[in-house]
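Visitor: Quick one: this structure, given as C-alpha cells, is what I'll be asking you about.
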Amino acid sequence: MNGSFFAALPSPLWVLGTDTNVGKTWVSARIAKAWLQEGSVTYRKPFQCGVSDDEGDASDLASDLWILQKTGAVAEAFASFLAPVSPLAAAEAEGRRLDLDAALAWCKRSSEGRLLLEGVGGLMVPLTENRHFLAWASDLRIPCVLVARGGLGTLNHTLLSCEALMLRGWRIEAVVLNPGMDQSFQAAEGNAKVLRRFLPMRVEVLNSESDIENERT
C-alpha cells in the first residue's frame with residue numbers, strides 16, 4: 001500500500017477495528033499524513049480509554065491523541081478515561097456516565113479541513129448500559145475503513161464485522177489487514193486473498209515487514 005490509497009479516502013471517515021489492539025490509531029495516523037499533503041486535518045476520538053501509564057497516572061504519551069498530534073493534525077477527544085477497558089466499564093469505575101447525545105453533536109461539529117474519526121475497541125464495545133458503539137455511530141452515517149489483524153482468527157472477525165456494518169447500512173471503503181500488530185506478515189497476504197472472495201469492498205495489507213520496521217525507526 002502506498003500513500004495514494006490513503007489520500008484518496010473520502011472525508012469524513014471513520015477508522016474502525018474488528019477488535020482492540022488491531023492498529024486503528026496507526027492507520028489513522030497514516031491517513032492523516034496522506035491528507036495533510038493537501039490541507040488541514042481534524043482527528044476526533046469520541047471515547048478515549050487507557051489514558052494512563054504503568055502506575056495508573058494520567059499520561060499524554062499513552063493517548064492516541066498524542067500520536068495524531070505528531071502528524072500535524074488537530075486532535076480532539078470528547079471523553080477520556082484512565083482504565084484500558086470499555087467506555088462503559090471505564091466510566092463506571094470513575095463514577096461517570098457518557099452522554100451519547102452530546103457525543104453525537106460533538107462529532108457533527110464543523111472541522112478544520114478533512115475530518116477523521118476513530119472508534120474505540122471493537123465494533124460492539126459497550127458505551128452505556130444499553131447501547132454499544134456500532135448502534136451509536138450508525139446515526140452519523142459516515143463511511144469507514146475497517147482495520148483487522150493479519151493472522152489467525154482474522155477471517156472470522158473480519159467477515160462478522162463487515163456483515164454487522166453492512167446490515168446497518170454502512171459504506172466500507174476498504175478493509176485493511178495490519179500484520180504488524182500480530183507479526184503475521186506471511187499469513188496476511190493469504191488471508192487477504194480469501195477475504196477478497198467473500199467481500200465486495202477493497203481488501204489491502206498494510207505494508208511489508210521491512211516497511212513497518214523502517215517506519216518505527
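Identifiers in this document derive from the order of the C-alpha cells: chains are assigned A, B, ..., residues are numbered from 1 separately in each chain, and ligands are numbered from 1 in order of occurrence.
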Would you give me, as a tab-separated table, each residue of region 5-39 of chain A having an atom within 10 Å of an atom of region 61-77 of chain A, along with its shortest atom pair and that distance in Å to one decimal, using only C-alpha atoms and sorting by chain and residue number?

Guide:
```
residue	atom	partner	partner_atom	distance
A:Lys24	CA	A:Asp64	CA	9.5
A:Thr25	CA	A:Asp64	CA	6.3
A:Trp26	CA	A:Ile67	CA	8.2
A:Ser28	CA	A:Leu68	CA	7.6
A:Ala29	CA	A:Leu68	CA	5.7
A:Arg30	CA	A:Thr71	CA	8.6
A:Ile31	CA	A:Thr71	CA	9.8
A:Ala32	CA	A:Ala73	CA	6.7
A:Lys33	CA	A:Thr71	CA	6.0
A:Ala34	CA	A:Thr71	CA	9.7
A:Trp35	CA	A:Ala73	CA	9.4
A:Leu36	CA	A:Ala73	CA	7.5
A:Gly39	CA	A:Ala73	CA	9.8
```

Visitor: Just write the chosen residues, C-alpha atoms, as a compact mmCIF listing (two decimals), in the first residue's frame.

Guide:
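As written to disk, out-v6.txt reads:
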```
# COMPACT_ATOMS: atom_id res chain seq x y z
CA LYS A 24 -6.63 1.71 14.40
CA THR A 25 -4.53 4.63 15.60
CA TRP A 26 -1.59 3.68 13.42
CA SER A 28 -5.46 6.81 11.39
CA ALA A 29 -2.00 8.39 11.51
CA ARG A 30 -1.19 7.06 8.04
CA ILE A 31 -4.40 8.53 6.65
CA ALA A 32 -3.81 11.85 8.40
CA LYS A 33 -0.28 12.10 6.99
CA ALA A 34 -1.59 11.50 3.46
CA TRP A 35 -4.41 14.02 3.83
CA LEU A 36 -2.12 16.65 5.31
CA GLY A 39 -4.55 20.66 3.62
```

Visitor: Using 10 Å as the limit and counting only C-alpha atoms, can you tabulate each residue of region 77-131 of chain A that touches region 140-144 of chain A, with its shortest atom-to-atom distance in Å and the two atoms involved, as a tab-separated table?

Guide:
```
residue	atom	partner	partner_atom	distance
A:Leu104	CA	A:Leu140	CA	7.5
A:Ala105	CA	A:Leu140	CA	9.5
A:Cys107	CA	A:Leu140	CA	8.4
A:Lys108	CA	A:Leu140	CA	7.8
A:Leu116	CA	A:Cys144	CA	9.6
A:Leu117	CA	A:Cys144	CA	9.0
A:Glu118	CA	A:Cys144	CA	9.4
A:Gly119	CA	A:Cys144	CA	9.9
```

Visitor: Next, write the just-selected residues to a file, as a JSON list (two decimals), in the first residue's frame, keeping N, CA and C atoms as the atom set.

Guide:
```
[["chain", "number", "residue", "atom", "x", "y", "z"],
["A", 104, "LEU", "N", -22.60, 12.68, 20.08],
["A", 104, "LEU", "CA", -23.00, 12.73, 18.68],
["A", 104, "LEU", "C", -22.92, 14.15, 18.14],
["A", 105, "ALA", "N", -23.43, 15.10, 18.91],
["A", 105, "ALA", "CA", -23.37, 16.50, 18.49],
["A", 105, "ALA", "C", -21.93, 16.97, 18.39],
["A", 107, "CYS", "N", -19.31, 15.19, 17.55],
["A", 107, "CYS", "CA", -18.74, 14.64, 16.32],
["A", 107, "CYS", "C", -19.21, 15.42, 15.09],
["A", 108, "LYS", "N", -20.41, 15.95, 15.14],
["A", 108, "LYS", "CA", -21.00, 16.63, 13.98],
["A", 108, "LYS", "C", -20.53, 18.07, 13.83],
["A", 116, "LEU", "N", -11.37, 13.08, 10.30],
["A", 116, "LEU", "CA", -11.07, 11.67, 10.54],
["A", 116, "LEU", "C", -11.52, 11.32, 11.95],
["A", 117, "LEU", "N", -12.33, 10.28, 12.08],
["A", 117, "LEU", "CA", -12.80, 9.85, 13.39],
["A", 117, "LEU", "C", -12.33, 8.43, 13.66],
["A", 118, "GLU", "N", -11.97, 8.15, 14.91],
["A", 118, "GLU", "CA", -11.52, 6.80, 15.27],
["A", 118, "GLU", "C", -12.43, 6.20, 16.33],
["A", 119, "GLY", "N", -12.80, 4.94, 16.12],
["A", 119, "GLY", "CA", -13.63, 4.24, 17.08],
["A", 119, "GLY", "C", -12.84, 3.81, 18.29]]
```

Visitor: Of the residues A:Gly122, A:Gly151, A:Gly113, A:Gly17, which is the one nearest to Glu38 (chain A), using only C-alpha atoms?

Guide: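 Checking each of A:Gly122, A:Gly151, A:Gly113, A:Gly17 against Glu38 (chain A), counting only C-alpha atoms, the winner is A:Gly113.
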
Visitor: Select from region 25-102 of chain A everything DSSP, run on the backbone, classes as helix (DSSP H, G or I), then give the selection as a PyMOL selection string.

Guide: chain A and resi 25-35+60-62+64-71+87-93+100-102

Visitor: Go ahead and dump the residues you just picked, C-alpha atoms, as a PDB file, in the first residue's frame.

Guide:
```
ATOM      1  CA  THR A  25      -4.530   4.634  15.603  1.00  0.00           C
ATOM      2  CA  TRP A  26      -1.586   3.682  13.421  1.00  0.00           C
ATOM      3  CA  VAL A  27      -3.862   3.511  10.352  1.00  0.00           C
ATOM      4  CA  SER A  28      -5.460   6.808  11.393  1.00  0.00           C
ATOM      5  CA  ALA A  29      -2.004   8.390  11.507  1.00  0.00           C
ATOM      6  CA  ARG A  30      -1.192   7.057   8.040  1.00  0.00           C
ATOM      7  CA  ILE A  31      -4.401   8.528   6.646  1.00  0.00           C
ATOM      8  CA  ALA A  32      -3.811  11.847   8.403  1.00  0.00           C
ATOM      9  CA  LYS A  33      -0.284  12.104   6.988  1.00  0.00           C
ATOM     10  CA  ALA A  34      -1.588  11.497   3.463  1.00  0.00           C
ATOM     11  CA  TRP A  35      -4.412  14.017   3.829  1.00  0.00           C
ATOM     12  CA  ASP A  60      -0.349  12.092  27.349  1.00  0.00           C
ATOM     13  CA  LEU A  61       2.149   9.580  25.987  1.00  0.00           C
ATOM     14  CA  ALA A  62      -0.459   6.837  26.393  1.00  0.00           C
ATOM     15  CA  ASP A  64      -3.920   8.218  20.782  1.00  0.00           C
ATOM     16  CA  LEU A  65      -4.322  11.991  20.550  1.00  0.00           C
ATOM     17  CA  TRP A  66      -0.595  12.426  21.106  1.00  0.00           C
ATOM     18  CA  ILE A  67       0.178  10.091  18.207  1.00  0.00           C
ATOM     19  CA  LEU A  68      -2.091  12.030  15.852  1.00  0.00           C
ATOM     20  CA  GLN A  69      -0.803  15.390  17.059  1.00  0.00           C
ATOM     21  CA  LYS A  70       2.656  14.286  15.942  1.00  0.00           C
ATOM     22  CA  THR A  71       1.367  14.078  12.353  1.00  0.00           C
ATOM     23  CA  PRO A  87     -16.078   3.055  27.862  1.00  0.00           C
ATOM     24  CA  LEU A  88     -18.959   1.637  29.912  1.00  0.00           C
ATOM     25  CA  ALA A  89     -16.640  -0.050  32.425  1.00  0.00           C
ATOM     26  CA  ALA A  90     -14.192   2.873  32.481  1.00  0.00           C
ATOM     27  CA  ALA A  91     -16.960   5.408  33.081  1.00  0.00           C
ATOM     28  CA  GLU A  92     -18.485   3.321  35.875  1.00  0.00           C
ATOM     29  CA  ALA A  93     -15.065   2.962  37.534  1.00  0.00           C
ATOM     30  CA  LEU A 100     -24.216   9.872  23.928  1.00  0.00           C
ATOM     31  CA  ASP A 101     -26.402  12.640  22.502  1.00  0.00           C
ATOM     32  CA  ALA A 102     -23.742  15.188  23.427  1.00  0.00           C
TER      33      ALA A 102
END
```

Visitor: Out of A:Pro46, A:Asn130, A:Thr154, A:Leu167, which residue has the shortest atom-to-atom distance to Val194 (chain A) when counting only C-alpha atoms?

Guide: A:Thr154
